[in-house]
Amino acid sequence: IRNAIEQGRQAVEQLHARRPRGTGELDLVIVGAGPAGFAASLAALERRMRFVTLEQESLGGCVFQYPRGKIVMTQPARLPIVGEVKLRTTRKEALLELWTSIAQQTGLKINCRERVETISPLDGGFLVRSSRGEYRTHNVLLAIGRRGTPRKLGVAGEDLPKVMYRLIEPEQYVAQHVLVVGGGDSALEAAASVAEVNDAGSVILSYRGDAFSRAKPRNRERITAAERRGRLQVMLRSEVERIEPQAVVLKTGDGVRKVANHSV
């Protein structure tokens, strides 16, 4: 998050240094209001640029999509106008509350629930069409991150409604057989969060690798603890072969295994 904030600020400073003067069009359209887009918007406001920020969901972008209670910032960051924000062990909700407060205090306007549909070159600038209108601008800053277009497995059954790409509330999976796929922090956090509340169901964490080397130690510890309590089954060196309405078929080192499943 700190890196995204810094990159958003730097991008706007570069655009401000070379912006045209004396025209009636926008200097900048910022797409996305996650950490980078939020910082970029504050920088544009500080520089008195003519800009609009479009966000297809809510203020916070990817942070808004994180699971409830997730630790989201562990290092201080410098926000334009505001200065250094000295947050360390901070949960998602506290960070979003801070950003909302900053937006209100600075008068920053963000067009939430407005999705960008097309961006076309136009007279040395761009025409941005959204779900609500269109904008003529000299520059477009894409601060969209990577979570808006999730990576998919490319297997049969992946389009079933039970397949999700984000976890917001672990409680929605209580008493269900759940499969979590992946070996990074997001996967481990999701699996551990569901396992901690899902005492009447089951949770399988499937990863094609042989160790969770990319994940933070704290998340690996949560997985180990959940596995020790019998709340979670870890299946390393496994891959999803197909997803069925009431089951999932996994390829493992010991052959193909079919397990009951309500959600992926």
# chains A, B, ... in the order shown; residues from 1 in each chain; ligands from 1
>>> residues_around(residues="segment 205-212 of chain A", least_positions_apart="4", cutoff="7 Å", atoms="only C-alpha atoms", output="ChimeraX atom specification")
/A:179-184,191,233-239
>>> residues_around(residues="Leu160 of chain A", least_positions_apart="3", cutoff="12 Å", atoms="only C-alpha atoms", output="list in words")
Val155, Ala156, Gly157, Val163, Met164, Arg242, Ile243, Glu244, Pro245, Gln246, Ala247, Val248, His262, Ser263 and Val264 of chain A
>>> residues_around(residues="segment 167-177 of chain A", least_positions_apart="2", cutoff="10 Å", atoms="only C-alpha atoms", output="JSON, numbers by chain")
{"A": [64, 65, 66, 67, 68, 69, 70, 164, 165, 179, 186, 187, 189, 190, 191, 192, 193, 194, 195, 196, 197, 198, 199, 200, 201, 202, 203, 204, 246, 247, 259, 260, 261, 262, 263, 264]}
>>> residues_around(residues="Val29 of chain A", least_positions_apart="3", cutoff="6 Å", atoms="only C-alpha atoms", output="list in words")
Phe51, Val52, Thr53 and Val140 of chain A
>>> write_last_selection(atoms="all heavy atoms", output="PDB file, in the first residue's frame")
ATOM      1  N   PHE A  51      -9.456  17.700 -12.737  1.00  0.00           N
ATOM      2  CA  PHE A  51      -9.428  16.245 -12.819  1.00  0.00           C
ATOM      3  C   PHE A  51     -10.732  15.649 -12.315  1.00  0.00           C
ATOM      4  O   PHE A  51     -11.527  16.308 -11.645  1.00  0.00           O
ATOM      5  CB  PHE A  51      -8.260  15.687 -11.989  1.00  0.00           C
ATOM      6  CG  PHE A  51      -8.493  15.718 -10.502  1.00  0.00           C
ATOM      7  CD1 PHE A  51      -8.907  14.582  -9.820  1.00  0.00           C
ATOM      8  CD2 PHE A  51      -8.314  16.901  -9.771  1.00  0.00           C
ATOM      9  CE1 PHE A  51      -9.132  14.608  -8.456  1.00  0.00           C
ATOM     10  CE2 PHE A  51      -8.529  16.937  -8.412  1.00  0.00           C
ATOM     11  CZ  PHE A  51      -8.941  15.794  -7.746  1.00  0.00           C
ATOM     12  N   VAL A  52     -10.936  14.396 -12.643  1.00  0.00           N
ATOM     13  CA  VAL A  52     -12.040  13.622 -12.089  1.00  0.00           C
ATOM     14  C   VAL A  52     -11.510  12.229 -11.792  1.00  0.00           C
ATOM     15  O   VAL A  52     -10.649  11.708 -12.508  1.00  0.00           O
ATOM     16  CB  VAL A  52     -13.240  13.562 -13.068  1.00  0.00           C
ATOM     17  CG1 VAL A  52     -12.858  12.845 -14.360  1.00  0.00           C
ATOM     18  CG2 VAL A  52     -14.434  12.870 -12.426  1.00  0.00           C
ATOM     19  N   THR A  53     -11.977  11.636 -10.694  1.00  0.00           N
ATOM     20  CA  THR A  53     -11.582  10.287 -10.312  1.00  0.00           C
ATOM     21  C   THR A  53     -12.784   9.370 -10.412  1.00  0.00           C
ATOM     22  O   THR A  53     -13.827   9.645  -9.809  1.00  0.00           O
ATOM     23  CB  THR A  53     -11.021  10.257  -8.876  1.00  0.00           C
ATOM     24  OG1 THR A  53      -9.885  11.128  -8.794  1.00  0.00           O
ATOM     25  CG2 THR A  53     -10.601   8.844  -8.492  1.00  0.00           C
ATOM     26  N   VAL A 140      -4.769  10.342 -18.945  1.00  0.00           N
ATOM     27  CA  VAL A 140      -5.501   9.331 -18.175  1.00  0.00           C
ATOM     28  C   VAL A 140      -4.499   8.573 -17.325  1.00  0.00           C
ATOM     29  O   VAL A 140      -3.458   8.122 -17.834  1.00  0.00           O
ATOM     30  CB  VAL A 140      -6.247   8.340 -19.092  1.00  0.00           C
ATOM     31  CG1 VAL A 140      -6.949   7.272 -18.256  1.00  0.00           C
ATOM     32  CG2 VAL A 140      -7.250   9.066 -19.972  1.00  0.00           C
TER      33      VAL A 140
END
>>> residues_around(residues="Gln56 of chain A", least_positions_apart="5", cutoff="9 Å", atoms="only C-alpha atoms", output="JSON, numbers by chain")
{"A": [31, 32, 33, 61, 111, 112, 113, 114, 115, 116]}
>>> atom_distance(atom1="atom CA of Ile5 of chain A", atom2="atom CA of Ala43 of chain A")
10.3 Å
>>> residues_around(residues="segment 219-226 of chain A", least_positions_apart="2", cutoff="7 Å", atoms="only C-alpha atoms", output="list of chain:residue names")
A:Asp185, A:Leu188, A:Glu189, A:Ala192, A:Ala195, A:Ala215, A:Lys216, A:Pro217, A:Arg228, A:Arg229, A:Gly230, A:Arg231, A:Leu232
>>> select_by_dssp(residues="segment 73-128 of chain A", states="strand (DSSP E)", output="list of chain:residue names")
A:Met73, A:Ala77, A:Arg78, A:Leu79, A:Gly83, A:Glu84, A:Val85, A:Thr90, A:Arg91, A:Asn111, A:Cys112, A:Val116, A:Glu117, A:Thr118, A:Ile119, A:Ser120, A:Pro121, A:Leu122, A:Gly125, A:Phe126, A:Leu127, A:Val128
>>> closest_residue(among="A:Val82, A:Arg214, A:Pro76, A:Glu117", to="Trp99 of chain A", atoms="only C-alpha atoms")
A:Val82
>>> closest_residue(among="A:Ile110, A:Ala77, A:Ile102, A:Leu153", to="Leu59 of chain A", atoms="only C-alpha atoms")
A:Ile110
>>> closest_residue(among="A:Ser130, A:Thr100, A:Thr137, A:Ser41", to="Val12 of chain A", atoms="only C-alpha atoms")
A:Ser41
>>> atom_distance(atom1="atom CA of Asn139 of chain A", atom2="atom CA of Gln105 of chain A")
26.4 Å
>>> residues_around(residues="Ala4 of chain A", least_positions_apart="2", cutoff="9 Å", atoms="only C-alpha atoms", output="list in words")
Ile1, Arg2, Glu6, Gln7, Gly8, Arg9, Gly34, Pro35, Ala36, Gly37, Ala39, Ala143 and Gly145 of chain A
>>> write_last_selection(atoms="all heavy atoms", output="tab-separated table (two decimals), in the first residue's frame")
chain	number	residue	atom	x	y	z
A	1	ILE	N	0.83	-1.20	0.00
A	1	ILE	CA	0.00	0.00	0.00
A	1	ILE	C	0.87	1.25	0.00
A	1	ILE	O	0.59	2.21	-0.71
A	1	ILE	CB	-0.95	-0.02	1.22
A	1	ILE	CG1	-2.04	-1.08	1.01
A	1	ILE	CG2	-1.58	1.35	1.44
A	1	ILE	CD1	-3.01	-1.21	2.15
A	2	ARG	N	1.92	1.24	0.79
A	2	ARG	CA	2.81	2.41	0.81
A	2	ARG	C	3.41	2.66	-0.57
A	2	ARG	O	3.49	3.81	-1.02
A	2	ARG	CB	3.92	2.21	1.84
A	2	ARG	CG	4.82	3.45	1.99
A	2	ARG	CD	5.98	3.21	2.90
A	2	ARG	NE	6.90	2.23	2.33
A	2	ARG	CZ	8.09	1.94	2.86
A	2	ARG	NH1	8.48	2.53	3.96
A	2	ARG	NH2	8.87	1.03	2.30
A	6	GLU	N	2.89	6.04	-3.02
A	6	GLU	CA	4.02	6.81	-3.54
A	6	GLU	C	4.01	6.87	-5.06
A	6	GLU	O	4.27	7.92	-5.66
A	6	GLU	CB	5.33	6.21	-3.04
A	6	GLU	CG	6.58	6.96	-3.47
A	6	GLU	CD	6.65	8.39	-2.94
A	6	GLU	OE1	5.89	8.71	-2.01
A	6	GLU	OE2	7.45	9.17	-3.48
A	7	GLN	N	3.67	5.76	-5.71
A	7	GLN	CA	3.62	5.74	-7.17
A	7	GLN	C	2.51	6.65	-7.71
A	7	GLN	O	2.70	7.33	-8.72
A	7	GLN	CB	3.43	4.31	-7.65
A	7	GLN	CG	4.67	3.44	-7.44
A	7	GLN	CD	4.38	1.96	-7.59
A	7	GLN	OE1	3.27	1.58	-7.96
A	7	GLN	NE2	5.36	1.13	-7.30
A	8	GLY	N	1.36	6.65	-7.04
A	8	GLY	CA	0.27	7.52	-7.46
A	8	GLY	C	0.65	8.99	-7.36
A	8	GLY	O	0.37	9.79	-8.27
A	9	ARG	N	1.31	9.35	-6.28
A	9	ARG	CA	1.76	10.74	-6.09
A	9	ARG	C	2.78	11.13	-7.15
A	9	ARG	O	2.69	12.22	-7.76
A	9	ARG	CB	2.36	10.90	-4.69
A	9	ARG	CG	2.83	12.31	-4.38
A	9	ARG	CD	3.60	12.36	-3.08
A	9	ARG	NE	4.85	11.62	-3.17
A	9	ARG	CZ	5.95	12.08	-3.75
A	9	ARG	NH1	5.96	13.29	-4.31
A	9	ARG	NH2	7.06	11.36	-3.76
A	34	GLY	N	-8.22	3.14	-5.32
A	34	GLY	CA	-7.50	2.36	-4.32
A	34	GLY	C	-6.37	3.21	-3.76
A	34	GLY	O	-6.39	4.45	-3.89
A	35	PRO	N	-5.36	2.62	-3.14
A	35	PRO	CA	-4.26	3.40	-2.57
A	35	PRO	C	-3.59	4.34	-3.56
A	35	PRO	O	-3.37	5.51	-3.27
A	35	PRO	CB	-3.29	2.33	-2.07
A	35	PRO	CG	-4.14	1.13	-1.84
A	35	PRO	CD	-5.22	1.17	-2.88
A	36	ALA	N	-3.28	3.84	-4.77
A	36	ALA	CA	-2.61	4.69	-5.78
A	36	ALA	C	-3.54	5.77	-6.29
A	36	ALA	O	-3.16	6.94	-6.41
A	36	ALA	CB	-2.11	3.82	-6.94
A	37	GLY	N	-4.77	5.41	-6.62
A	37	GLY	CA	-5.73	6.39	-7.14
A	37	GLY	C	-6.10	7.44	-6.11
A	37	GLY	O	-6.28	8.62	-6.45
A	39	ALA	N	-4.16	8.52	-3.57
A	39	ALA	CA	-3.02	9.41	-3.43
A	39	ALA	C	-2.89	10.31	-4.65
A	39	ALA	O	-2.58	11.51	-4.52
A	39	ALA	CB	-1.74	8.60	-3.23
A	143	ALA	N	-5.07	3.63	-12.38
A	143	ALA	CA	-4.66	3.17	-11.05
A	143	ALA	C	-5.59	2.03	-10.65
A	143	ALA	O	-6.26	2.07	-9.61
A	143	ALA	CB	-4.73	4.32	-10.03
A	145	GLY	N	-4.87	-1.37	-10.33
A	145	GLY	CA	-4.37	-2.54	-9.62
A	145	GLY	C	-4.57	-3.82	-10.40
A	145	GLY	O	-4.70	-3.81	-11.62
>>> select_by_dssp(residues="segment 48-148 of chain A", states="helix (DSSP H, G or I)", output="VMD selection string")
chain A and resid 62 to 65 92 to 106
>>> write_last_selection(atoms="N, CA, C and O atoms", output="compact mmCIF listing (two decimals), in the first residue's frame")
# COMPACT_ATOMS: atom_id res chain seq x y z
N CYS A 62 -9.13 -1.87 -4.07
CA CYS A 62 -8.77 -3.22 -3.66
C CYS A 62 -8.87 -3.40 -2.15
O CYS A 62 -9.22 -4.47 -1.67
N VAL A 63 -8.57 -2.34 -1.38
CA VAL A 63 -8.66 -2.44 0.08
C VAL A 63 -10.10 -2.68 0.51
O VAL A 63 -10.38 -3.45 1.43
N PHE A 64 -11.05 -2.03 -0.18
CA PHE A 64 -12.47 -2.22 0.12
C PHE A 64 -12.87 -3.68 -0.07
O PHE A 64 -13.76 -4.19 0.62
N GLN A 65 -12.21 -4.39 -0.99
CA GLN A 65 -12.55 -5.77 -1.29
C GLN A 65 -11.91 -6.77 -0.33
O GLN A 65 -12.24 -7.95 -0.35
N LYS A 92 -8.33 -3.18 7.89
CA LYS A 92 -9.01 -2.64 6.72
C LYS A 92 -10.01 -1.56 7.08
O LYS A 92 -10.03 -0.47 6.50
N GLU A 93 -10.87 -1.83 8.07
CA GLU A 93 -11.95 -0.90 8.40
C GLU A 93 -11.41 0.44 8.90
O GLU A 93 -11.94 1.50 8.55
N ALA A 94 -10.34 0.40 9.70
CA ALA A 94 -9.75 1.63 10.23
C ALA A 94 -9.13 2.46 9.12
O ALA A 94 -9.23 3.69 9.10
N LEU A 95 -8.48 1.80 8.15
CA LEU A 95 -7.85 2.51 7.05
C LEU A 95 -8.90 3.16 6.16
O LEU A 95 -8.76 4.32 5.75
N LEU A 96 -9.97 2.44 5.86
CA LEU A 96 -11.04 3.01 5.03
C LEU A 96 -11.71 4.19 5.73
O LEU A 96 -12.07 5.19 5.11
N GLU A 97 -11.87 4.07 7.03
CA GLU A 97 -12.46 5.17 7.81
C GLU A 97 -11.56 6.41 7.75
O GLU A 97 -12.04 7.54 7.60
N LEU A 98 -10.25 6.20 7.84
CA LEU A 98 -9.30 7.31 7.75
C LEU A 98 -9.38 7.97 6.38
O LEU A 98 -9.43 9.20 6.26
N TRP A 99 -9.37 7.18 5.32
CA TRP A 99 -9.43 7.73 3.96
C TRP A 99 -10.72 8.50 3.73
O TRP A 99 -10.72 9.54 3.09
N THR A 100 -11.83 7.98 4.23
CA THR A 100 -13.11 8.67 4.09
C THR A 100 -13.07 10.02 4.79
O THR A 100 -13.55 11.04 4.27
N SER A 101 -12.47 10.03 5.99
CA SER A 101 -12.34 11.27 6.74
C SER A 101 -11.46 12.28 6.00
O SER A 101 -11.78 13.48 5.93
N ILE A 102 -10.37 11.81 5.42
CA ILE A 102 -9.47 12.69 4.67
C ILE A 102 -10.19 13.27 3.46
O ILE A 102 -10.06 14.47 3.15
N ALA A 103 -10.95 12.45 2.75
CA ALA A 103 -11.69 12.94 1.59
C ALA A 103 -12.67 14.02 1.98
O ALA A 103 -12.82 15.05 1.30
N GLN A 104 -13.34 13.83 3.10
CA GLN A 104 -14.30 14.83 3.57
C GLN A 104 -13.61 16.12 3.98
O GLN A 104 -14.07 17.23 3.65
N GLN A 105 -12.50 16.01 4.68
CA GLN A 105 -11.80 17.19 5.18
C GLN A 105 -11.17 18.01 4.05
O GLN A 105 -11.12 19.23 4.11
N THR A 106 -10.69 17.32 3.02
CA THR A 106 -10.01 18.02 1.92
C THR A 106 -10.98 18.44 0.82
O THR A 106 -10.60 19.20 -0.08
